[in-house]
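Peer 1: Structure supplied as coords.txt; contents: compact mmCIF, C-alpha atoms.
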# COMPACT_ATOMS: atom_id res chain seq x y z
CA MET G 170 25.88 -28.57 -13.71
CA ILE G 171 27.53 -25.92 -15.85
CA LYS G 172 31.19 -25.64 -14.96
CA TYR G 173 31.55 -21.96 -15.73
CA TRP G 174 28.13 -20.87 -14.56
CA TRP G 175 29.38 -17.39 -13.72
CA LEU G 176 29.81 -16.72 -17.45
CA LEU G 177 26.01 -16.81 -17.78
CA LEU G 178 25.51 -13.85 -15.42
CA PRO G 179 26.10 -11.13 -18.07
CA LEU G 180 23.75 -12.96 -20.44
CA ALA G 181 21.04 -13.16 -17.74
CA ALA G 182 21.45 -9.45 -17.00
CA LEU G 183 21.16 -8.59 -20.71
CA LEU G 184 18.06 -10.78 -21.08
CA GLY G 185 16.44 -9.08 -18.08
CA TYR G 186 17.20 -5.64 -19.52
CA LEU G 187 15.78 -6.53 -22.94
CA THR G 188 12.62 -7.99 -21.35
CA ARG G 189 12.02 -4.83 -19.29
CA SER G 190 12.74 -2.62 -22.30
CA TYR G 191 10.27 -4.55 -24.47
CA ARG G 192 7.58 -4.39 -21.79
CA GLN G 193 8.08 -0.63 -21.40
CA ARG G 194 7.76 -0.03 -25.17
CA LEU G 195 4.63 -2.16 -25.24
CA ALA G 196 3.16 -0.29 -22.25
CA TYR G 197 3.58 3.04 -24.05
CA LYS G 198 1.45 1.71 -26.92
CA PHE G 199 -1.52 1.32 -24.55
CA GLN G 200 -1.13 4.66 -22.73
CA ASN G 201 -3.28 7.69 -23.39
CA ARG G 202 -2.06 11.29 -23.46
CA GLY G 203 -2.46 11.88 -19.72
CA GLU G 204 -0.65 8.68 -18.81
CA VAL G 205 2.24 9.58 -21.10
CA LEU G 206 2.55 13.00 -19.41
CA VAL G 207 2.63 11.43 -15.94
CA ARG G 208 5.22 8.88 -17.03
CA ARG G 209 7.45 11.53 -18.57
CA ALA G 210 7.25 13.84 -15.54
CA ILE G 211 8.02 11.10 -13.03
CA THR G 212 10.89 9.78 -15.16
CA LYS G 213 12.32 13.28 -15.54
CA TYR G 214 12.06 14.62 -11.99
CA LEU G 215 12.36 11.58 -9.69
CA SER G 216 15.61 9.72 -9.08
CA THR G 217 15.56 6.12 -10.27
CA ASN G 218 17.45 5.11 -7.11
CA SER G 219 14.43 5.83 -4.92
CA TRP G 220 11.55 5.34 -7.36
CA HIS G 221 10.38 2.60 -9.73
CA LEU G 222 7.45 3.29 -12.05
CA LEU G 223 5.18 0.60 -13.50
CA ASN G 224 2.70 1.63 -16.21
CA ASN G 225 -0.58 0.16 -17.40
CA ILE G 226 -0.90 -2.71 -14.95
CA THR G 227 -3.79 -5.18 -15.21
CA LEU G 228 -4.32 -7.40 -12.19
CA LYS G 229 -6.67 -10.32 -11.62
CA ILE G 230 -9.16 -9.92 -8.76
CA ASP G 231 -11.18 -13.05 -8.08
CA ASP G 232 -12.99 -13.68 -11.39
CA THR G 233 -12.47 -10.19 -12.84
CA THR G 234 -9.67 -7.71 -13.60
CA THR G 235 -8.69 -4.19 -12.64
CA GLN G 236 -6.57 -1.87 -14.77
CA ILE G 237 -4.24 0.61 -13.07
CA ASP G 238 -2.62 3.55 -14.88
CA HIS G 239 0.54 3.70 -12.76
CA ILE G 240 2.05 2.11 -9.67
CA LEU G 241 4.99 4.04 -8.26
CA VAL G 242 7.16 1.97 -5.91
CA SER G 243 9.40 4.11 -3.73
CA ARG G 244 11.28 4.33 -0.47
CA TYR G 245 8.42 6.56 0.71
CA GLY G 246 5.62 4.08 0.03
CA ILE G 247 3.62 2.66 -2.86
CA PHE G 248 1.56 5.13 -4.89
CA VAL G 249 -1.38 3.93 -6.97
CA ILE G 250 -2.06 6.64 -9.56
CA GLU G 251 -5.22 7.23 -11.57
CA THR G 252 -4.80 9.72 -14.43
CA LYS G 253 -7.48 11.95 -15.98
CA HIS G 254 -6.67 14.10 -19.02
CA TYR G 255 -9.60 16.55 -18.93
CA THR G 256 -10.36 20.12 -19.93
CA GLY G 257 -13.15 22.46 -18.80
CA TRP G 258 -14.53 22.87 -15.30
CA ILE G 259 -14.66 20.03 -12.77
CA PHE G 260 -17.27 19.81 -10.04
CA GLY G 261 -16.90 17.03 -7.49
CA GLU G 262 -17.03 16.24 -3.80
CA GLU G 263 -14.78 13.64 -2.20
CA ARG G 264 -17.63 11.28 -1.22
CA ALA G 265 -19.88 11.82 -4.25
CA LYS G 266 -20.44 8.85 -6.56
CA GLN G 267 -20.09 11.01 -9.68
CA TRP G 268 -18.26 14.16 -10.63
CA THR G 269 -19.13 16.49 -13.50
CA GLN G 270 -17.06 17.96 -16.29
CA VAL G 271 -18.45 21.13 -17.89
CA VAL G 272 -17.18 22.15 -21.34
CA TYR G 273 -18.79 25.15 -23.08
CA GLY G 274 -21.94 24.69 -21.02
CA ASN G 275 -22.25 20.98 -21.75
CA LYS G 276 -22.21 18.68 -18.70
CA TYR G 277 -20.53 15.27 -18.72
CA PRO G 278 -20.83 13.13 -15.58
CA PHE G 279 -18.05 10.66 -14.81
CA GLN G 280 -17.28 8.25 -12.01
CA ASN G 281 -15.59 9.77 -8.98
CA PRO G 282 -11.94 8.86 -9.70
CA LEU G 283 -11.26 8.50 -5.97
CA HIS G 284 -13.83 5.71 -5.83
CA GLN G 285 -12.44 4.24 -9.03
CA ASN G 286 -8.92 4.26 -7.63
CA TYR G 287 -10.06 2.73 -4.33
CA LYS G 288 -10.57 -0.60 -6.11
CA HIS G 289 -7.07 -0.33 -7.53
CA ILE G 290 -5.61 0.38 -4.09
CA LYS G 291 -7.36 -2.64 -2.57
CA ALA G 292 -6.00 -4.86 -5.36
CA VAL G 293 -2.44 -3.69 -4.71
CA GLN G 294 -2.85 -4.02 -0.94
CA GLU G 295 -4.04 -7.60 -1.41
CA LEU G 296 -1.09 -8.43 -3.62
CA LEU G 297 1.47 -6.69 -1.38
CA ASP G 298 -0.06 -8.08 1.81
CA PHE G 299 3.29 -8.05 3.62
CA LEU G 300 3.17 -4.23 3.74
CA PRO G 301 1.04 -2.19 6.17
CA PRO G 302 -2.03 -0.98 4.19
CA GLU G 303 -1.28 2.66 5.04
CA GLN G 304 1.96 2.43 3.05
CA ILE G 305 -0.08 1.99 -0.15
CA VAL G 306 -1.55 5.36 -1.10
CA GLY G 307 -3.91 6.43 -3.87
CA LEU G 308 -3.41 9.58 -5.94
CA VAL G 309 -5.52 11.07 -8.75
CA VAL G 310 -3.80 13.32 -11.31
CA PHE G 311 -5.54 15.69 -13.74
CA THR G 312 -3.07 16.34 -16.54
CA GLY G 313 -5.15 18.52 -18.87
CA GLU G 314 -6.32 22.12 -18.48
CA ALA G 315 -9.27 21.25 -16.26
CA GLU G 316 -10.09 23.73 -13.48
CA PHE G 317 -11.73 22.66 -10.23
CA LYS G 318 -14.76 24.74 -9.26
CA THR G 319 -15.22 22.90 -5.97
CA ASN G 320 -12.73 22.13 -3.22
CA LYS G 321 -10.13 19.73 -4.53
CA PRO G 322 -9.55 16.69 -2.27
CA SER G 323 -6.03 16.45 -0.84
CA SER G 324 -5.21 13.31 -2.84
CA VAL G 325 -6.14 14.96 -6.17
CA HIS G 326 -3.32 16.75 -8.00
CA SER G 327 -2.32 18.56 -11.13
CA LEU G 328 0.82 17.24 -12.80
CA GLN G 329 2.88 20.01 -11.22
CA SER G 330 1.52 19.49 -7.72
CA LEU G 331 2.02 15.72 -8.04
CA ILE G 332 5.75 16.16 -8.63
CA SER G 333 5.95 18.75 -5.85
CA HIS G 334 4.16 16.41 -3.44
CA LEU G 335 6.39 13.45 -4.26
CA THR G 336 9.68 15.34 -4.16
CA ASN G 337 8.83 16.81 -0.73
CA LEU G 338 8.37 13.39 0.90
CA ASN G 339 11.16 12.65 3.38
CA GLU G 340 10.06 9.73 5.57
CA GLU G 341 11.58 6.53 4.20
CA LEU G 342 9.32 3.52 4.74
CA LEU G 343 10.82 0.84 2.47
CA THR G 344 14.35 -0.42 2.08
CA GLU G 345 15.78 -0.93 -1.39
CA ASN G 346 15.41 -4.72 -0.99
CA ARG G 347 11.78 -4.35 -0.01
CA MET G 348 11.20 -2.07 -3.00
CA GLN G 349 12.68 -4.68 -5.33
CA PHE G 350 10.52 -7.39 -3.76
CA CYS G 351 7.39 -5.26 -4.35
CA VAL G 352 8.33 -4.64 -7.97
CA GLY G 353 9.04 -8.33 -8.50
CA ARG G 354 5.67 -9.42 -7.12
CA LEU G 355 3.80 -6.82 -9.19
CA GLU G 356 5.66 -7.78 -12.37
CA CYS G 357 5.03 -11.49 -11.80
CA ASN G 358 1.29 -11.02 -11.19
CA ARG G 359 0.39 -8.42 -13.83
CA LEU G 360 -1.29 -9.72 -16.95
CA ALA G 361 0.49 -9.52 -20.30
CA LEU G 362 0.15 -6.23 -22.16
CA THR G 363 -1.94 -7.34 -25.12
CA GLN G 364 -5.03 -6.20 -26.98
CA GLU G 365 -6.77 -9.32 -25.67
CA THR G 366 -6.08 -8.30 -22.07
CA ASP G 367 -7.55 -4.86 -22.69
CA VAL G 368 -10.65 -6.34 -24.35
CA GLU G 369 -11.13 -8.78 -21.46
CA HIS G 370 -10.90 -5.92 -18.97
CA GLN G 371 -13.49 -3.86 -20.87
CA GLU G 372 -15.81 -6.86 -20.97
CA ASN G 373 -15.43 -7.31 -17.22
CA LEU G 374 -16.30 -3.65 -16.69
CA GLN G 375 -19.41 -3.98 -18.83
CA ALA G 376 -20.46 -7.14 -16.97
CA ARG G 377 -20.18 -5.35 -13.62
CA LYS G 378 -22.28 -2.47 -14.94
CA ASN G 379 -24.98 -4.87 -16.17
Could you express the structure from this file as structure tokens?

Peer 2:
Amino acid sequence: MIKYWWLLLPLAALLGYLTRSYRQRLAYKFQNRGEVLVRRAITKYLSTNSWHLLNNITLKIDDTTTQIDHILVSRYGIFVIETKHYTGWIFGEERAKQWTQVVYGNKYPFQNPLHQNYKHIKAVQELLDFLPPEQIVGLVVFTGEAEFKTNKPSSVHSLQSLISHLTNLNEELLTENRMQFCVGRLECNRLALTQETDVEHQENLQARKN
């Protein structure tokens, strides 16, 4: 037993800070433009005392993986955020399998991001199984200059409306200790941020399509 164990506390705190700092810098390397904009806005406008943002999280689900743009842990719940950096016109219904982006008359179908994010939400709910499922909420954020030509679902936001929505929440659901426990479990179960992890995830996606 170390006689002066309390002298190690500052060293442990420094090591924890350096580890988090390294992971954050590495996460930024893997983020696209839209994800960077969401990260910057949340960091700028939301108090760190009530919010904790995790970026680019890859979780194991059975024999496959799922990749989540952002998980925002807060006193007001857990927010699983899918980011789309699109331009042009967007056509999409809440229950449709595919939505459509139209740019200069050209149509580009893409998977309904609400359906895409549903898998992410279920993965987080499974991992944070000590929380009521309704405290884990999915949000989709369009960060580019895309304009919706159909009714926008309530859980779909622009960057500005995302910040407005989050800052207007006032019902506290999680204590600070419970927040820290959620962050700890997510950090312990996320896969390492490496090129190999990203390649494995893409291969899993292709396998599911096939």

Peer 1: Would you list the contacts of G:Leu296 as a PyMOL selection string, taking every protein, DNA or RNA residue within 8 Å and counting all atoms listed in the file, but skipping same-chain residues closer than 4 positions in sequence?

Peer 2: chain G and resi 292+354-355

Peer 1: I need the residues from that last selection saved to file as a compact mmCIF listing (two decimals), in the frame of the given file (with C-alpha atoms), if you can.

Peer 2:
# COMPACT_ATOMS: atom_id res chain seq x y z
CA ALA G 292 -6.00 -4.86 -5.36
CA ARG G 354 5.67 -9.42 -7.12
CA LEU G 355 3.80 -6.82 -9.19

Peer 1: Do you know which residues lie at most 10 Å from (2.5, 5.8, -15.2), with coordinates as in the file and all atoms listed in the file counted, and could you write them as a PDB file with C-alpha atoms, in the coordinates of the input?

Peer 2:
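The resulting file, part.pdb, is reproduced below:
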ATOM      1  CA  ALA G 196       3.160  -0.290 -22.250  1.00  0.00           C
ATOM      2  CA  TYR G 197       3.580   3.040 -24.050  1.00  0.00           C
ATOM      3  CA  GLN G 200      -1.130   4.660 -22.730  1.00  0.00           C
ATOM      4  CA  GLY G 203      -2.460  11.880 -19.720  1.00  0.00           C
ATOM      5  CA  GLU G 204      -0.650   8.680 -18.810  1.00  0.00           C
ATOM      6  CA  VAL G 205       2.240   9.580 -21.100  1.00  0.00           C
ATOM      7  CA  LEU G 206       2.550  13.000 -19.410  1.00  0.00           C
ATOM      8  CA  VAL G 207       2.630  11.430 -15.940  1.00  0.00           C
ATOM      9  CA  ARG G 208       5.220   8.880 -17.030  1.00  0.00           C
ATOM     10  CA  ARG G 209       7.450  11.530 -18.570  1.00  0.00           C
ATOM     11  CA  ALA G 210       7.250  13.840 -15.540  1.00  0.00           C
ATOM     12  CA  ILE G 211       8.020  11.100 -13.030  1.00  0.00           C
ATOM     13  CA  THR G 212      10.890   9.780 -15.160  1.00  0.00           C
ATOM     14  CA  LEU G 222       7.450   3.290 -12.050  1.00  0.00           C
ATOM     15  CA  LEU G 223       5.180   0.600 -13.500  1.00  0.00           C
ATOM     16  CA  ASN G 224       2.700   1.630 -16.210  1.00  0.00           C
ATOM     17  CA  ASN G 225      -0.580   0.160 -17.400  1.00  0.00           C
ATOM     18  CA  ILE G 226      -0.900  -2.710 -14.950  1.00  0.00           C
ATOM     19  CA  ILE G 237      -4.240   0.610 -13.070  1.00  0.00           C
ATOM     20  CA  ASP G 238      -2.620   3.550 -14.880  1.00  0.00           C
ATOM     21  CA  HIS G 239       0.540   3.700 -12.760  1.00  0.00           C
ATOM     22  CA  ILE G 240       2.050   2.110  -9.670  1.00  0.00           C
ATOM     23  CA  LEU G 241       4.990   4.040  -8.260  1.00  0.00           C
ATOM     24  CA  VAL G 249      -1.380   3.930  -6.970  1.00  0.00           C
ATOM     25  CA  ILE G 250      -2.060   6.640  -9.560  1.00  0.00           C
ATOM     26  CA  GLU G 251      -5.220   7.230 -11.570  1.00  0.00           C
ATOM     27  CA  THR G 252      -4.800   9.720 -14.430  1.00  0.00           C
TER      28      THR G 252
END

Peer 1: For the contact check between stretch 214-321 of chain G and stretch 335-352 of chain G, emit one row per residue of stretch 214-321 of chain G within 12 Å, containing the shortest atom pair and the distance in Å rounded to one decimal, counting only C-alpha atoms, chain then rising number order, as a Markdown table.

Peer 2:
| residue | atom | partner | partner_atom | distance |
| --- | --- | --- | --- | --- |
| G:Tyr214 | CA | G:Thr336 | CA | 8.2 |
| G:Leu215 | CA | G:Thr336 | CA | 7.2 |
| G:Ser216 | CA | G:Thr336 | CA | 9.5 |
| G:Thr217 | CA | G:Glu345 | CA | 11.3 |
| G:Asn218 | CA | G:Glu345 | CA | 8.5 |
| G:Ser219 | CA | G:Glu345 | CA | 7.7 |
| G:Trp220 | CA | G:Met348 | CA | 8.6 |
| G:His221 | CA | G:Val352 | CA | 7.7 |
| G:Leu222 | CA | G:Val352 | CA | 9.0 |
| G:Leu223 | CA | G:Val352 | CA | 8.2 |
| G:Asn224 | CA | G:Val352 | CA | 11.8 |
| G:Ile226 | CA | G:Val352 | CA | 11.7 |
| G:Ile240 | CA | G:Val352 | CA | 9.4 |
| G:Leu241 | CA | G:Val352 | CA | 9.3 |
| G:Val242 | CA | G:Met348 | CA | 6.4 |
| G:Ser243 | CA | G:Met348 | CA | 6.5 |
| G:Arg244 | CA | G:Leu343 | CA | 4.6 |
| G:Tyr245 | CA | G:Glu341 | CA | 4.7 |
| G:Gly246 | CA | G:Leu342 | CA | 6.0 |
| G:Ile247 | CA | G:Cys351 | CA | 8.9 |
| G:Phe248 | CA | G:Leu335 | CA | 9.6 |
| G:Val293 | CA | G:Cys351 | CA | 10.0 |
| G:Gln294 | CA | G:Cys351 | CA | 10.9 |
| G:Leu296 | CA | G:Cys351 | CA | 9.1 |
| G:Leu297 | CA | G:Cys351 | CA | 6.8 |
| G:Asp298 | CA | G:Cys351 | CA | 10.1 |
| G:Phe299 | CA | G:Cys351 | CA | 9.4 |
| G:Leu300 | CA | G:Cys351 | CA | 9.2 |
| G:Pro301 | CA | G:Leu342 | CA | 10.2 |
| G:Glu303 | CA | G:Leu342 | CA | 10.6 |
| G:Gln304 | CA | G:Leu342 | CA | 7.6 |
| G:Ile305 | CA | G:Leu342 | CA | 10.7 |
| G:Val306 | CA | G:Leu335 | CA | 11.8 |
| G:Leu308 | CA | G:Leu335 | CA | 10.7 |

Peer 1: Would you mind exporting C-alpha atoms of the selected residues as a compact mmCIF listing (two decimals), in the frame of the given file?

Peer 2:
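Result saved to part.txt:
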# COMPACT_ATOMS: atom_id res chain seq x y z
CA TYR G 214 12.06 14.62 -11.99
CA LEU G 215 12.36 11.58 -9.69
CA SER G 216 15.61 9.72 -9.08
CA THR G 217 15.56 6.12 -10.27
CA ASN G 218 17.45 5.11 -7.11
CA SER G 219 14.43 5.83 -4.92
CA TRP G 220 11.55 5.34 -7.36
CA HIS G 221 10.38 2.60 -9.73
CA LEU G 222 7.45 3.29 -12.05
CA LEU G 223 5.18 0.60 -13.50
CA ASN G 224 2.70 1.63 -16.21
CA ILE G 226 -0.90 -2.71 -14.95
CA ILE G 240 2.05 2.11 -9.67
CA LEU G 241 4.99 4.04 -8.26
CA VAL G 242 7.16 1.97 -5.91
CA SER G 243 9.40 4.11 -3.73
CA ARG G 244 11.28 4.33 -0.47
CA TYR G 245 8.42 6.56 0.71
CA GLY G 246 5.62 4.08 0.03
CA ILE G 247 3.62 2.66 -2.86
CA PHE G 248 1.56 5.13 -4.89
CA VAL G 293 -2.44 -3.69 -4.71
CA GLN G 294 -2.85 -4.02 -0.94
CA LEU G 296 -1.09 -8.43 -3.62
CA LEU G 297 1.47 -6.69 -1.38
CA ASP G 298 -0.06 -8.08 1.81
CA PHE G 299 3.29 -8.05 3.62
CA LEU G 300 3.17 -4.23 3.74
CA PRO G 301 1.04 -2.19 6.17
CA GLU G 303 -1.28 2.66 5.04
CA GLN G 304 1.96 2.43 3.05
CA ILE G 305 -0.08 1.99 -0.15
CA VAL G 306 -1.55 5.36 -1.10
CA LEU G 308 -3.41 9.58 -5.94

Peer 1: Give me the residues near G:Ser323 as a short mmCIF file (atom, residue, chain, number, x, y, z; two decimals) with C-alpha atoms, in the coordinates of the input, where near means some atom within 12 Å (using all atoms listed in the file) and where sequence neighbours in that chain fewer than 6 positions away do not count.

Peer 2:
data_model
loop_
_atom_site.label_atom_id
_atom_site.label_comp_id
_atom_site.auth_asym_id
_atom_site.auth_seq_id
_atom_site.Cartn_x
_atom_site.Cartn_y
_atom_site.Cartn_z
CA GLU G 262 -17.03 16.24 -3.80
CA GLU G 263 -14.78 13.64 -2.20
CA LEU G 283 -11.26 8.50 -5.97
CA VAL G 306 -1.55 5.36 -1.10
CA GLY G 307 -3.91 6.43 -3.87
CA LEU G 308 -3.41 9.58 -5.94
CA VAL G 309 -5.52 11.07 -8.75
CA VAL G 310 -3.80 13.32 -11.31
CA SER G 330 1.52 19.49 -7.72
CA LEU G 331 2.02 15.72 -8.04
CA HIS G 334 4.16 16.41 -3.44
#

Peer 1: What does the distance between atom CA of G:Cys357 and atom CA of G:Lys213 come to in Å, to one decimal place?

Peer 2: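 Between these atoms lies a distance of 26.1 Å.
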
Peer 1: Please compute the atom CA of G:Thr234-atom CA of G:Gln280 distance, one decimal, in Å.

Peer 2: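 Separation of atom CA of G:Thr234 and atom CA of G:Gln280: 17.8 Å.
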
Peer 1: Compare G:Thr233, G:Ser333, G:Asn201, G:Thr256 by their minimum atom-to-atom distance to G:Tyr277, counting all atoms listed in the file, and give me the closest one.

Peer 2: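 Of G:Thr233, G:Ser333, G:Asn201, G:Thr256, the one nearest G:Tyr277, counting all atoms listed in the file, is G:Thr256.
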
Peer 1: For a cutoff of 6 Å around the file-coordinate point (-15.8, 9.7, -4.4), which residues qualify once you count only C-alpha atoms? I'd like the result as an mmCIF file with C-alpha atoms, in the coordinates of the input.

Peer 2:
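Output contents, as saved in part_14.cif:
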data_model
loop_
_atom_site.group_PDB
_atom_site.id
_atom_site.type_symbol
_atom_site.label_atom_id
_atom_site.label_comp_id
_atom_site.auth_asym_id
_atom_site.auth_seq_id
_atom_site.Cartn_x
_atom_site.Cartn_y
_atom_site.Cartn_z
ATOM 1 C CA GLU G 263 -14.780 13.640 -2.200
ATOM 2 C CA ARG G 264 -17.630 11.280 -1.220
ATOM 3 C CA ALA G 265 -19.880 11.820 -4.250
ATOM 4 C CA LYS G 266 -20.440 8.850 -6.560
ATOM 5 C CA ASN G 281 -15.590 9.770 -8.980
ATOM 6 C CA LEU G 283 -11.260 8.500 -5.970
ATOM 7 C CA HIS G 284 -13.830 5.710 -5.830
#

Peer 1: To one decimal place, how far is atom CA of G:Lys229 from atom CA of G:Glu356 in Å?

Peer 2: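 If I compute the distance from atom CA of G:Lys229 to atom CA of G:Glu356, I get 12.6 Å.
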
Peer 1: Can you tell me which residues surround G:Pro278 at a distance of at most 7 Å, considering all atoms listed in the file, apart from same-chain residues fewer than 5 positions away, and format the answer as a list in words?

Peer 2: Gln267, Trp268, Thr269 and Gln270 of chain G

Peer 1: Could the residues in this selection be saved with C-alpha atoms as an mmCIF file, keeping the file's coordinate frame?

Peer 2:
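Written file, selection-v4.cif:
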data_model
loop_
_atom_site.group_PDB
_atom_site.id
_atom_site.type_symbol
_atom_site.label_atom_id
_atom_site.label_comp_id
_atom_site.auth_asym_id
_atom_site.auth_seq_id
_atom_site.Cartn_x
_atom_site.Cartn_y
_atom_site.Cartn_z
ATOM 1 C CA GLN G 267 -20.090 11.010 -9.680
ATOM 2 C CA TRP G 268 -18.260 14.160 -10.630
ATOM 3 C CA THR G 269 -19.130 16.490 -13.500
ATOM 4 C CA GLN G 270 -17.060 17.960 -16.290
#

Peer 1: Pick the closest to G:Arg202 from G:Phe317, G:Tyr273, G:Phe311, G:Phe260: which is it, counting only C-alpha atoms?

Peer 2: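 Using only C-alpha atoms, the shortest distance to G:Arg202 belongs to G:Phe311.
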